[in-house]
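Text of model_29.cif (mmCIF, N, CA and C atoms) as supplied:
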data_data
loop_
_atom_site.label_atom_id
_atom_site.label_comp_id
_atom_site.auth_asym_id
_atom_site.auth_seq_id
_atom_site.Cartn_x
_atom_site.Cartn_y
_atom_site.Cartn_z
N MET A 1 -22.69 5.07 8.36
CA MET A 1 -21.30 4.97 7.96
C MET A 1 -20.63 3.83 8.74
N ASP A 2 -19.90 2.99 8.03
CA ASP A 2 -19.14 1.93 8.68
C ASP A 2 -17.76 2.49 9.02
N TRP A 3 -17.50 2.72 10.29
CA TRP A 3 -16.27 3.35 10.74
C TRP A 3 -15.05 2.48 10.55
N CYS A 4 -15.24 1.21 10.21
CA CYS A 4 -14.12 0.28 10.01
C CYS A 4 -13.76 0.12 8.54
N ARG A 5 -14.44 0.85 7.66
CA ARG A 5 -14.13 0.79 6.23
C ARG A 5 -13.37 2.05 5.81
N TYR A 6 -12.38 1.83 4.95
CA TYR A 6 -11.57 2.94 4.46
C TYR A 6 -11.41 2.84 2.95
N ARG A 7 -11.36 4.01 2.35
CA ARG A 7 -11.05 4.12 0.92
C ARG A 7 -9.95 5.17 0.82
N PHE A 8 -8.82 4.75 0.24
CA PHE A 8 -7.67 5.64 0.10
C PHE A 8 -7.32 5.81 -1.36
N ARG A 9 -6.76 6.97 -1.68
CA ARG A 9 -6.24 7.24 -3.02
C ARG A 9 -5.04 8.17 -2.89
N SER A 10 -3.94 7.74 -3.45
CA SER A 10 -2.72 8.56 -3.44
C SER A 10 -2.19 8.66 -4.86
N VAL A 11 -1.65 9.82 -5.20
CA VAL A 11 -1.07 10.03 -6.53
C VAL A 11 0.39 10.40 -6.35
N TRP A 12 1.26 9.60 -6.97
CA TRP A 12 2.70 9.85 -6.91
C TRP A 12 3.19 10.21 -8.31
N ARG A 13 3.89 11.31 -8.44
CA ARG A 13 4.56 11.67 -9.69
C ARG A 13 6.03 11.31 -9.54
N LEU A 14 6.50 10.45 -10.42
CA LEU A 14 7.85 9.91 -10.31
C LEU A 14 8.64 10.18 -11.58
N ALA A 15 9.92 10.52 -11.42
CA ALA A 15 10.79 10.86 -12.56
C ALA A 15 11.46 9.60 -13.09
N ALA A 16 10.65 8.63 -13.48
CA ALA A 16 11.16 7.38 -14.06
C ALA A 16 10.08 6.86 -15.00
N PRO A 17 10.47 6.11 -16.03
CA PRO A 17 9.47 5.59 -16.96
C PRO A 17 8.58 4.54 -16.30
N PRO A 18 7.36 4.37 -16.82
CA PRO A 18 6.43 3.41 -16.23
C PRO A 18 6.99 2.00 -16.09
N GLU A 19 7.82 1.57 -17.03
CA GLU A 19 8.38 0.22 -16.97
C GLU A 19 9.25 0.05 -15.72
N ALA A 20 10.04 1.06 -15.40
CA ALA A 20 10.91 0.99 -14.22
C ALA A 20 10.08 1.04 -12.93
N VAL A 21 9.05 1.87 -12.91
CA VAL A 21 8.19 1.98 -11.73
C VAL A 21 7.44 0.66 -11.54
N TYR A 22 6.91 0.12 -12.62
CA TYR A 22 6.20 -1.17 -12.54
C TYR A 22 7.12 -2.26 -12.00
N ALA A 23 8.34 -2.33 -12.52
CA ALA A 23 9.29 -3.35 -12.07
C ALA A 23 9.56 -3.23 -10.57
N ALA A 24 9.69 -2.01 -10.07
CA ALA A 24 9.94 -1.81 -8.63
C ALA A 24 8.71 -2.20 -7.80
N LEU A 25 7.53 -1.80 -8.25
CA LEU A 25 6.31 -2.09 -7.49
C LEU A 25 5.92 -3.56 -7.57
N GLU A 26 6.31 -4.24 -8.63
CA GLU A 26 5.98 -5.65 -8.79
C GLU A 26 6.76 -6.53 -7.80
N CYS A 27 7.94 -6.07 -7.37
CA CYS A 27 8.79 -6.84 -6.45
C CYS A 27 8.48 -6.45 -5.00
N ALA A 28 7.34 -6.90 -4.51
CA ALA A 28 6.90 -6.52 -3.16
C ALA A 28 7.89 -6.94 -2.09
N GLU A 29 8.60 -8.04 -2.28
CA GLU A 29 9.55 -8.49 -1.27
C GLU A 29 10.71 -7.51 -1.10
N GLU A 30 10.88 -6.59 -2.05
CA GLU A 30 11.92 -5.55 -1.96
C GLU A 30 11.42 -4.27 -1.30
N TYR A 31 10.12 -4.14 -1.05
CA TYR A 31 9.59 -2.90 -0.47
C TYR A 31 10.31 -2.47 0.80
N PRO A 32 10.62 -3.38 1.73
CA PRO A 32 11.28 -2.92 2.96
C PRO A 32 12.63 -2.23 2.72
N ARG A 33 13.24 -2.45 1.58
CA ARG A 33 14.52 -1.78 1.26
C ARG A 33 14.35 -0.30 0.99
N TRP A 34 13.18 0.09 0.45
CA TRP A 34 12.99 1.49 0.09
C TRP A 34 11.77 2.14 0.75
N TRP A 35 10.87 1.36 1.34
CA TRP A 35 9.66 1.92 1.96
C TRP A 35 9.77 1.71 3.46
N PRO A 36 10.13 2.75 4.22
CA PRO A 36 10.43 2.59 5.65
C PRO A 36 9.31 1.96 6.47
N GLN A 37 8.07 2.22 6.10
CA GLN A 37 6.95 1.73 6.91
C GLN A 37 6.57 0.28 6.58
N VAL A 38 7.11 -0.27 5.51
CA VAL A 38 6.90 -1.68 5.20
C VAL A 38 8.04 -2.42 5.88
N ARG A 39 7.74 -3.04 6.99
CA ARG A 39 8.78 -3.64 7.84
C ARG A 39 9.23 -5.01 7.35
N GLU A 40 8.31 -5.75 6.71
CA GLU A 40 8.66 -7.11 6.30
C GLU A 40 7.68 -7.59 5.23
N VAL A 41 8.20 -8.27 4.22
CA VAL A 41 7.38 -8.95 3.23
C VAL A 41 7.96 -10.35 3.06
N VAL A 42 7.11 -11.35 3.23
CA VAL A 42 7.55 -12.74 3.14
C VAL A 42 6.72 -13.44 2.07
N PRO A 43 7.35 -13.82 0.96
CA PRO A 43 6.61 -14.56 -0.07
C PRO A 43 6.14 -15.92 0.48
N VAL A 44 4.92 -16.29 0.12
CA VAL A 44 4.37 -17.60 0.47
C VAL A 44 4.47 -18.52 -0.74
N ASP A 45 4.11 -17.98 -1.91
CA ASP A 45 4.25 -18.69 -3.18
C ASP A 45 4.37 -17.64 -4.27
N ASP A 46 4.15 -18.02 -5.53
CA ASP A 46 4.34 -17.09 -6.65
C ASP A 46 3.32 -15.94 -6.68
N THR A 47 2.20 -16.10 -6.01
CA THR A 47 1.17 -15.07 -6.09
C THR A 47 0.72 -14.53 -4.74
N THR A 48 1.29 -15.04 -3.65
CA THR A 48 0.83 -14.66 -2.31
C THR A 48 2.01 -14.38 -1.39
N GLY A 49 1.82 -13.44 -0.48
CA GLY A 49 2.84 -13.15 0.53
C GLY A 49 2.21 -12.48 1.73
N THR A 50 2.96 -12.42 2.81
CA THR A 50 2.51 -11.69 3.99
C THR A 50 3.36 -10.43 4.12
N ALA A 51 2.76 -9.39 4.66
CA ALA A 51 3.46 -8.12 4.84
C ALA A 51 3.11 -7.55 6.21
N ARG A 52 4.10 -6.89 6.79
CA ARG A 52 3.93 -6.24 8.10
C ARG A 52 4.26 -4.77 7.92
N PHE A 53 3.33 -3.89 8.34
CA PHE A 53 3.47 -2.44 8.20
C PHE A 53 3.44 -1.78 9.57
N ARG A 54 4.16 -0.69 9.69
CA ARG A 54 4.05 0.16 10.87
C ARG A 54 4.45 1.56 10.45
N SER A 55 3.60 2.52 10.75
CA SER A 55 3.90 3.91 10.43
C SER A 55 4.14 4.65 11.74
N LEU A 56 3.40 5.70 11.99
CA LEU A 56 3.58 6.51 13.19
C LEU A 56 3.08 5.80 14.45
N LEU A 57 1.97 5.11 14.33
CA LEU A 57 1.38 4.45 15.50
C LEU A 57 2.22 3.25 15.92
N PRO A 58 2.30 2.98 17.20
CA PRO A 58 3.08 1.84 17.69
C PRO A 58 2.29 0.53 17.59
N TYR A 59 1.89 0.20 16.37
CA TYR A 59 1.06 -0.97 16.14
C TYR A 59 1.38 -1.54 14.76
N ASP A 60 1.67 -2.82 14.69
CA ASP A 60 1.93 -3.48 13.40
C ASP A 60 0.62 -3.95 12.79
N ILE A 61 0.49 -3.75 11.50
CA ILE A 61 -0.62 -4.30 10.73
C ILE A 61 -0.03 -5.41 9.86
N VAL A 62 -0.65 -6.58 9.93
CA VAL A 62 -0.18 -7.74 9.16
C VAL A 62 -1.27 -8.16 8.19
N VAL A 63 -0.89 -8.28 6.93
CA VAL A 63 -1.84 -8.69 5.90
C VAL A 63 -1.25 -9.82 5.07
N THR A 64 -2.14 -10.56 4.47
CA THR A 64 -1.77 -11.51 3.42
C THR A 64 -2.27 -10.89 2.12
N ALA A 65 -1.36 -10.76 1.16
CA ALA A 65 -1.70 -10.18 -0.14
C ALA A 65 -1.62 -11.27 -1.20
N ARG A 66 -2.65 -11.32 -2.04
CA ARG A 66 -2.69 -12.30 -3.13
C ARG A 66 -2.88 -11.55 -4.44
N ALA A 67 -2.00 -11.81 -5.40
CA ALA A 67 -2.07 -11.13 -6.69
C ALA A 67 -3.40 -11.43 -7.37
N LEU A 68 -4.10 -10.38 -7.77
CA LEU A 68 -5.34 -10.51 -8.53
C LEU A 68 -5.12 -10.16 -9.99
N ARG A 69 -4.25 -9.17 -10.22
CA ARG A 69 -3.99 -8.73 -11.60
C ARG A 69 -2.57 -8.19 -11.70
N ARG A 70 -1.84 -8.71 -12.65
CA ARG A 70 -0.51 -8.21 -13.02
C ARG A 70 -0.56 -7.95 -14.51
N ASP A 71 -0.60 -6.69 -14.90
CA ASP A 71 -0.74 -6.34 -16.31
C ASP A 71 0.24 -5.22 -16.64
N PRO A 72 1.49 -5.61 -17.01
CA PRO A 72 2.48 -4.58 -17.30
C PRO A 72 2.09 -3.68 -18.48
N ALA A 73 1.41 -4.23 -19.48
CA ALA A 73 1.02 -3.42 -20.64
C ALA A 73 0.05 -2.32 -20.24
N ALA A 74 -0.87 -2.62 -19.32
CA ALA A 74 -1.83 -1.63 -18.85
C ALA A 74 -1.30 -0.84 -17.66
N GLY A 75 -0.17 -1.28 -17.08
CA GLY A 75 0.39 -0.60 -15.92
C GLY A 75 -0.42 -0.82 -14.66
N ILE A 76 -0.98 -2.02 -14.49
CA ILE A 76 -1.83 -2.29 -13.33
C ILE A 76 -1.30 -3.45 -12.52
N LEU A 77 -1.23 -3.23 -11.22
CA LEU A 77 -0.93 -4.26 -10.23
C LEU A 77 -2.03 -4.20 -9.19
N GLU A 78 -2.68 -5.33 -8.95
CA GLU A 78 -3.78 -5.35 -7.98
C GLU A 78 -3.65 -6.59 -7.10
N VAL A 79 -3.91 -6.39 -5.80
CA VAL A 79 -3.86 -7.50 -4.85
C VAL A 79 -5.13 -7.52 -4.02
N GLY A 80 -5.49 -8.73 -3.58
CA GLY A 80 -6.54 -8.91 -2.58
C GLY A 80 -5.87 -8.98 -1.23
N LEU A 81 -6.49 -8.42 -0.22
CA LEU A 81 -5.90 -8.37 1.12
C LEU A 81 -6.76 -9.12 2.13
N GLY A 82 -6.08 -9.82 3.03
CA GLY A 82 -6.74 -10.49 4.14
C GLY A 82 -5.89 -10.30 5.39
N GLY A 83 -6.42 -10.63 6.53
CA GLY A 83 -5.69 -10.45 7.79
C GLY A 83 -6.22 -9.25 8.54
N ASP A 84 -5.33 -8.37 9.00
CA ASP A 84 -5.76 -7.18 9.75
C ASP A 84 -6.58 -6.21 8.90
N LEU A 85 -6.35 -6.24 7.59
CA LEU A 85 -7.13 -5.45 6.63
C LEU A 85 -7.69 -6.42 5.60
N GLU A 86 -8.95 -6.26 5.25
CA GLU A 86 -9.56 -7.12 4.25
C GLU A 86 -10.11 -6.25 3.13
N GLY A 87 -9.73 -6.55 1.90
CA GLY A 87 -10.19 -5.77 0.76
C GLY A 87 -9.24 -5.92 -0.40
N TRP A 88 -8.89 -4.78 -1.01
CA TRP A 88 -8.00 -4.81 -2.17
C TRP A 88 -7.17 -3.52 -2.23
N ALA A 89 -6.08 -3.61 -2.99
CA ALA A 89 -5.23 -2.44 -3.27
C ALA A 89 -4.77 -2.54 -4.72
N ARG A 90 -4.63 -1.39 -5.38
CA ARG A 90 -4.27 -1.38 -6.80
C ARG A 90 -3.35 -0.19 -7.13
N TRP A 91 -2.32 -0.48 -7.91
CA TRP A 91 -1.48 0.54 -8.53
C TRP A 91 -1.89 0.65 -9.99
N THR A 92 -2.04 1.88 -10.48
CA THR A 92 -2.27 2.14 -11.90
C THR A 92 -1.24 3.16 -12.33
N LEU A 93 -0.43 2.78 -13.32
CA LEU A 93 0.68 3.62 -13.78
C LEU A 93 0.38 4.15 -15.17
N THR A 94 0.62 5.46 -15.34
CA THR A 94 0.47 6.06 -16.66
C THR A 94 1.67 6.96 -16.93
N PRO A 95 2.12 7.01 -18.20
CA PRO A 95 3.25 7.88 -18.52
C PRO A 95 2.85 9.35 -18.41
N GLU A 96 3.81 10.17 -18.01
CA GLU A 96 3.63 11.62 -17.97
C GLU A 96 4.97 12.22 -18.36
N GLY A 97 5.08 12.66 -19.60
CA GLY A 97 6.37 13.14 -20.10
C GLY A 97 7.38 12.00 -20.04
N ALA A 98 8.53 12.26 -19.42
CA ALA A 98 9.55 11.22 -19.26
C ALA A 98 9.34 10.43 -17.97
N GLY A 99 8.32 10.77 -17.22
CA GLY A 99 8.09 10.12 -15.93
C GLY A 99 6.80 9.32 -15.89
N THR A 100 6.31 9.12 -14.68
CA THR A 100 5.14 8.27 -14.45
C THR A 100 4.25 8.88 -13.37
N VAL A 101 2.96 8.76 -13.58
CA VAL A 101 1.98 9.03 -12.53
C VAL A 101 1.55 7.66 -12.00
N ALA A 102 1.77 7.44 -10.72
CA ALA A 102 1.38 6.19 -10.07
C ALA A 102 0.22 6.49 -9.14
N VAL A 103 -0.93 5.89 -9.42
CA VAL A 103 -2.11 6.09 -8.59
C VAL A 103 -2.32 4.83 -7.75
N TYR A 104 -2.36 5.03 -6.44
CA TYR A 104 -2.60 3.94 -5.50
C TYR A 104 -4.01 4.08 -4.97
N GLU A 105 -4.79 3.02 -5.09
CA GLU A 105 -6.15 3.00 -4.56
C GLU A 105 -6.28 1.79 -3.66
N GLN A 106 -7.02 1.97 -2.59
CA GLN A 106 -7.21 0.88 -1.63
C GLN A 106 -8.60 1.01 -1.02
N GLU A 107 -9.30 -0.12 -0.95
CA GLU A 107 -10.57 -0.19 -0.23
C GLU A 107 -10.45 -1.37 0.73
N VAL A 108 -10.56 -1.08 2.02
CA VAL A 108 -10.37 -2.12 3.02
C VAL A 108 -11.35 -1.95 4.18
N GLU A 109 -11.55 -3.07 4.86
CA GLU A 109 -12.23 -3.08 6.15
C GLU A 109 -11.22 -3.52 7.18
N VAL A 110 -11.15 -2.79 8.27
CA VAL A 110 -10.23 -3.14 9.35
C VAL A 110 -10.80 -4.36 10.08
N ARG A 111 -9.96 -5.38 10.24
CA ARG A 111 -10.37 -6.60 10.92
C ARG A 111 -9.68 -6.76 12.27
N ALA A 112 -8.57 -6.06 12.48
CA ALA A 112 -7.83 -6.16 13.74
C ALA A 112 -8.71 -5.68 14.89
N ARG A 113 -8.82 -6.48 15.93
CA ARG A 113 -9.73 -6.20 17.05
C ARG A 113 -9.47 -4.83 17.69
N LEU A 114 -8.20 -4.52 18.00
CA LEU A 114 -7.89 -3.24 18.65
C LEU A 114 -8.29 -2.06 17.76
N LEU A 115 -7.97 -2.13 16.48
CA LEU A 115 -8.30 -1.03 15.58
C LEU A 115 -9.81 -0.89 15.39
N ARG A 116 -10.54 -1.99 15.43
CA ARG A 116 -12.00 -1.92 15.35
C ARG A 116 -12.57 -1.28 16.61
N THR A 117 -11.99 -1.61 17.76
CA THR A 117 -12.45 -1.04 19.03
C THR A 117 -12.25 0.47 19.04
N LEU A 118 -11.15 0.92 18.44
CA LEU A 118 -10.82 2.35 18.41
C LEU A 118 -11.31 3.06 17.14
N ALA A 119 -12.18 2.42 16.38
CA ALA A 119 -12.59 2.91 15.06
C ALA A 119 -13.10 4.35 15.07
N VAL A 120 -13.99 4.69 15.97
CA VAL A 120 -14.58 6.03 15.94
C VAL A 120 -13.59 7.09 16.42
N PRO A 121 -13.04 6.98 17.62
CA PRO A 121 -12.12 8.05 18.04
C PRO A 121 -10.80 8.04 17.27
N GLY A 122 -10.41 6.88 16.76
CA GLY A 122 -9.11 6.77 16.10
C GLY A 122 -9.10 7.07 14.62
N ARG A 123 -10.26 7.19 14.00
CA ARG A 123 -10.32 7.34 12.54
C ARG A 123 -9.43 8.46 11.99
N PRO A 124 -9.45 9.68 12.53
CA PRO A 124 -8.58 10.72 11.98
C PRO A 124 -7.09 10.36 12.13
N VAL A 125 -6.75 9.72 13.23
CA VAL A 125 -5.36 9.32 13.46
C VAL A 125 -4.96 8.22 12.48
N PHE A 126 -5.86 7.26 12.23
CA PHE A 126 -5.58 6.17 11.30
C PHE A 126 -5.38 6.71 9.89
N ARG A 127 -6.20 7.68 9.51
CA ARG A 127 -6.06 8.27 8.16
C ARG A 127 -4.74 9.04 8.06
N ALA A 128 -4.37 9.78 9.10
CA ALA A 128 -3.09 10.50 9.10
C ALA A 128 -1.93 9.52 9.07
N ASN A 129 -2.04 8.42 9.78
CA ASN A 129 -1.02 7.38 9.81
C ASN A 129 -0.81 6.83 8.39
N HIS A 130 -1.90 6.58 7.68
CA HIS A 130 -1.82 6.08 6.31
C HIS A 130 -1.15 7.13 5.41
N ALA A 131 -1.53 8.38 5.56
CA ALA A 131 -0.94 9.44 4.73
C ALA A 131 0.57 9.53 4.94
N LEU A 132 1.02 9.40 6.18
CA LEU A 132 2.46 9.42 6.46
C LEU A 132 3.16 8.22 5.84
N MET A 133 2.50 7.08 5.89
CA MET A 133 3.07 5.89 5.27
C MET A 133 3.22 6.09 3.77
N MET A 134 2.22 6.64 3.13
CA MET A 134 2.29 6.84 1.69
C MET A 134 3.34 7.89 1.33
N ARG A 135 3.49 8.91 2.14
CA ARG A 135 4.54 9.91 1.89
C ARG A 135 5.92 9.26 1.96
N GLY A 136 6.13 8.41 2.97
CA GLY A 136 7.39 7.69 3.09
C GLY A 136 7.65 6.78 1.91
N GLY A 137 6.60 6.12 1.42
CA GLY A 137 6.73 5.25 0.26
C GLY A 137 7.09 6.01 -0.99
N ARG A 138 6.45 7.15 -1.22
CA ARG A 138 6.75 7.95 -2.42
C ARG A 138 8.20 8.43 -2.39
N ARG A 139 8.62 8.93 -1.27
CA ARG A 139 10.01 9.40 -1.15
C ARG A 139 11.00 8.25 -1.34
N GLY A 140 10.71 7.12 -0.70
CA GLY A 140 11.60 5.97 -0.80
C GLY A 140 11.69 5.43 -2.21
N LEU A 141 10.54 5.34 -2.89
CA LEU A 141 10.54 4.83 -4.26
C LEU A 141 11.27 5.79 -5.19
N ALA A 142 11.06 7.08 -5.02
CA ALA A 142 11.75 8.06 -5.87
C ALA A 142 13.27 7.92 -5.71
N THR A 143 13.74 7.77 -4.50
CA THR A 143 15.18 7.58 -4.25
C THR A 143 15.66 6.26 -4.84
N HIS A 144 14.91 5.21 -4.65
CA HIS A 144 15.25 3.89 -5.18
C HIS A 144 15.37 3.93 -6.71
N LEU A 145 14.42 4.58 -7.36
CA LEU A 145 14.41 4.64 -8.82
C LEU A 145 15.59 5.45 -9.37
N ARG A 146 16.04 6.44 -8.63
CA ARG A 146 17.22 7.20 -9.05
C ARG A 146 18.49 6.33 -8.98
N ALA A 147 18.49 5.35 -8.07
CA ALA A 147 19.67 4.51 -7.87
C ALA A 147 19.76 3.35 -8.86
N VAL A 148 18.64 2.99 -9.50
CA VAL A 148 18.67 1.85 -10.43
C VAL A 148 18.84 2.30 -11.86
#
Please express the file's structure as structure tokens.
Amino acid sequence: MDWCRYRFRSVWRLAAPPEAVYAALECAEEYPRWWPQVREVVPVDDTTGTARFRSLLPYDIVVTARALRRDPAAGILEVGLGGDLEGWARWTLTPEGAGTVAVYEQEVEVRARLLRTLAVPGRPVFRANHALMMRGGRRGLATHLRAV
């Protein structure tokens, strides 16, 4: 087992139509307004930006995200990741009644030296840290969508 590789999957049920959810998720530079653990997103160009995350742990993770797929008709947003995490992340949106099921999937390898050093003893903490971040994002997005 490679202790520096992670595969995550989160399912968010949101009381907004897929078009509204897609529009919110497509604007990554707005994430810090509604997702507490996303501290900063800085666009580099039309398809690339840098993002800084911090959840429970007192450590910032910095990534460069590059758009790989933007498909509003299919409800898919996918990015390639580099920096402290290397891999990919994808949102897949499907309608559910009047709302949306948003599935977040991520496969990454940790590249940050400190996190690699702590890979074995820290793995349960890192997974819990990610779960808290995703919970904060779901709550923040649900509140944001009610306001728009």
Near region 36-48 of chain A, counting all atoms listed in the file, which residues have an atom at most 6 Å away, once you skip same-chain residues fewer than 3 positions from it, shown as a ChimeraX atom specification? /A:28-29,31-32,51-55,65-67,133,136-137
Quick one: pick out all strand (DSSP E or B) residues within region 35-147 of chain A from a backbone DSSP run and write them as number ranges by chain. A: 38-43, 48-53, 61-71, 76-83, 85-96, 99-110
Let me know the residues the PyMOL selection byres ((chain A and resi 102) around 6) catches in the file above, as a list in words. Ser10, Val11, Trp12, Arg13, Leu14, Thr92, Leu93, Thr94, Thr100, Val101, Val103 and Tyr104 of chain A
How would the residues just picked look written out with N, CA and C atoms as a CSV table (one decimal), in the frame of the given file?
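Everything below was put into part-v7.csv:
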chain,number,residue,atom,x,y,z
A,10,SER,N,-3.9,7.7,-3.4
A,10,SER,CA,-2.7,8.6,-3.4
A,10,SER,C,-2.2,8.7,-4.9
A,11,VAL,N,-1.6,9.8,-5.2
A,11,VAL,CA,-1.1,10.0,-6.5
A,11,VAL,C,0.4,10.4,-6.4
A,12,TRP,N,1.3,9.6,-7.0
A,12,TRP,CA,2.7,9.8,-6.9
A,12,TRP,C,3.2,10.2,-8.3
A,13,ARG,N,3.9,11.3,-8.4
A,13,ARG,CA,4.6,11.7,-9.7
A,13,ARG,C,6.0,11.3,-9.5
A,14,LEU,N,6.5,10.4,-10.4
A,14,LEU,CA,7.8,9.9,-10.3
A,14,LEU,C,8.6,10.2,-11.6
A,92,THR,N,-2.0,1.9,-10.5
A,92,THR,CA,-2.3,2.1,-11.9
A,92,THR,C,-1.2,3.2,-12.3
A,93,LEU,N,-0.4,2.8,-13.3
A,93,LEU,CA,0.7,3.6,-13.8
A,93,LEU,C,0.4,4.2,-15.2
A,94,THR,N,0.6,5.5,-15.3
A,94,THR,CA,0.5,6.1,-16.7
A,94,THR,C,1.7,7.0,-16.9
A,100,THR,N,6.3,9.1,-14.7
A,100,THR,CA,5.1,8.3,-14.4
A,100,THR,C,4.2,8.9,-13.4
A,101,VAL,N,3.0,8.8,-13.6
A,101,VAL,CA,2.0,9.0,-12.5
A,101,VAL,C,1.6,7.7,-12.0
A,103,VAL,N,-0.9,5.9,-9.4
A,103,VAL,CA,-2.1,6.1,-8.6
A,103,VAL,C,-2.3,4.8,-7.8
A,104,TYR,N,-2.4,5.0,-6.4
A,104,TYR,CA,-2.6,3.9,-5.5
A,104,TYR,C,-4.0,4.1,-5.0
Gap from CA of Arg7 (chain A) to atom C of Asp60 (chain A) - Å, one decimal: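 Here the two named atoms are 18.5 Å from each other.
We find CA of Tyr6 (chain A) and CA of Ala74 (chain A) to be spaced 25.7 Å apart.
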CA of Phe8 (chain A) to atom C of Leu114 (chain A), straight-line distance in Å: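 Atom C of Leu114 (chain A) sits 19.3 Å away from CA of Phe8 (chain A).
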Please expand the PyMOL selection byres ((chain A and resi 90) around 6) into the concrete residues it hits in this file, giving the result as a PyMOL selection string. chain A and resi 77-79+88-89+91-92+103-106
Test item: the PyMOL selection byres ((chain A and resi 5) around 7) resolved as a PyMOL selection string: chain A and resi 1-4+6-7+107-110
From a DSSP calculation on the backbone, collect every residue of region 56-143 of chain A in helix (DSSP H, G or I) and output the set as a PyMOL selection string. chain A and resi 113-117+119-143
So, with all atoms listed in the file as the atoms that count, which of A:Gly82, A:Pro95, A:Ile61, A:Trp34 lies closest to Pro18 (chain A)? A:Pro95
